[in-house]
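J.: Can you read through this structure? Questions will come right after.
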Amino acid sequence: MAKPLKVDEMWLERIASLLNDMEFGSLQIVVHEGQIVQMERTERKRFENTASGTVKTSGPSRASGQQRRTNAR
């Protein structure tokens, strides 16, 4: 039988902070025995080519194409 998931205010704040500034991507939450043990954030950056040859990004400028992982225990 699965244990009920324990999510307190601290975890809700951690989840919200990882999702807050993400425009494209995913957040994977790993649960072990009813407790969150790890969160992995994968962020995507999308670029548009304009007629003038310059590249415009969508969203705030951050490390493009890189993954940011946060391990929490």
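Going by the structure tokens order, chains are called A, B, ..., each with residues numbered from 1, while ligands are numbered from 1 in the order shown.
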Tell me, as a PyMOL selection string, which residues lie within 7 Å of range 15-28 of chain A, counting only C-alpha atoms; anything in the same chain fewer than 6 positions away does not count.
T.: chain A and resi 39-45+59
J.: Given the selection you just returned, output its residues as a file containing N, CA, C and O atoms, formatted as a PDB file, in the first residue's frame.
T.:
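As written to disk, selection18.pdb reads:
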```pdb
ATOM      1  N   MET A  39      13.967  16.865  -7.175  1.00  0.00           N
ATOM      2  CA  MET A  39      13.267  17.585  -8.231  1.00  0.00           C
ATOM      3  C   MET A  39      14.263  17.883  -9.335  1.00  0.00           C
ATOM      4  O   MET A  39      15.388  18.294  -9.052  1.00  0.00           O
ATOM      5  N   GLU A  40      13.860  17.649 -10.577  1.00  0.00           N
ATOM      6  CA  GLU A  40      14.715  17.934 -11.728  1.00  0.00           C
ATOM      7  C   GLU A  40      13.979  18.886 -12.650  1.00  0.00           C
ATOM      8  O   GLU A  40      12.855  18.629 -13.052  1.00  0.00           O
ATOM      9  N   ARG A  41      14.637  19.985 -12.975  1.00  0.00           N
ATOM     10  CA  ARG A  41      14.048  20.991 -13.851  1.00  0.00           C
ATOM     11  C   ARG A  41      14.779  20.974 -15.182  1.00  0.00           C
ATOM     12  O   ARG A  41      16.003  21.058 -15.234  1.00  0.00           O
ATOM     13  N   THR A  42      14.016  20.860 -16.259  1.00  0.00           N
ATOM     14  CA  THR A  42      14.561  20.937 -17.608  1.00  0.00           C
ATOM     15  C   THR A  42      13.925  22.138 -18.265  1.00  0.00           C
ATOM     16  O   THR A  42      12.709  22.236 -18.346  1.00  0.00           O
ATOM     17  N   GLU A  43      14.745  23.068 -18.691  1.00  0.00           N
ATOM     18  CA  GLU A  43      14.233  24.307 -19.274  1.00  0.00           C
ATOM     19  C   GLU A  43      14.620  24.377 -20.748  1.00  0.00           C
ATOM     20  O   GLU A  43      15.740  24.053 -21.109  1.00  0.00           O
ATOM     21  N   ARG A  44      13.686  24.787 -21.566  1.00  0.00           N
ATOM     22  CA  ARG A  44      13.918  24.940 -22.998  1.00  0.00           C
ATOM     23  C   ARG A  44      13.906  26.419 -23.355  1.00  0.00           C
ATOM     24  O   ARG A  44      13.131  27.188 -22.809  1.00  0.00           O
ATOM     25  N   LYS A  45      14.758  26.783 -24.276  1.00  0.00           N
ATOM     26  CA  LYS A  45      14.760  28.137 -24.823  1.00  0.00           C
ATOM     27  C   LYS A  45      14.402  28.042 -26.284  1.00  0.00           C
ATOM     28  O   LYS A  45      14.944  27.213 -27.014  1.00  0.00           O
ATOM     29  N   GLY A  59      11.224  35.131 -23.853  1.00  0.00           N
ATOM     30  CA  GLY A  59      11.412  35.056 -22.406  1.00  0.00           C
ATOM     31  C   GLY A  59      12.698  35.711 -21.971  1.00  0.00           C
ATOM     32  O   GLY A  59      13.471  36.211 -22.778  1.00  0.00           O
TER      33      GLY A  59
END
```
J.: List the neighbours of Asp8 in chain A out to 12 Å using only C-alpha atoms; skip same-chain residues closer than 4 positions along the sequence, and give me the result as a ChimeraX atom specification.
T.: /A:12-15,35-36
J.: Enter the distance from CA of Val37 in chain A to CA of Pro4 in chain A, in Å, rounded to one decimal.
T.: 14.2 Å
J.: Mind checking DSSP for range 12-51 of chain A and telling me the strand (DSSP E) residues as a PyMOL selection string?
T.: chain A and resi 25-32+35-43+47-49
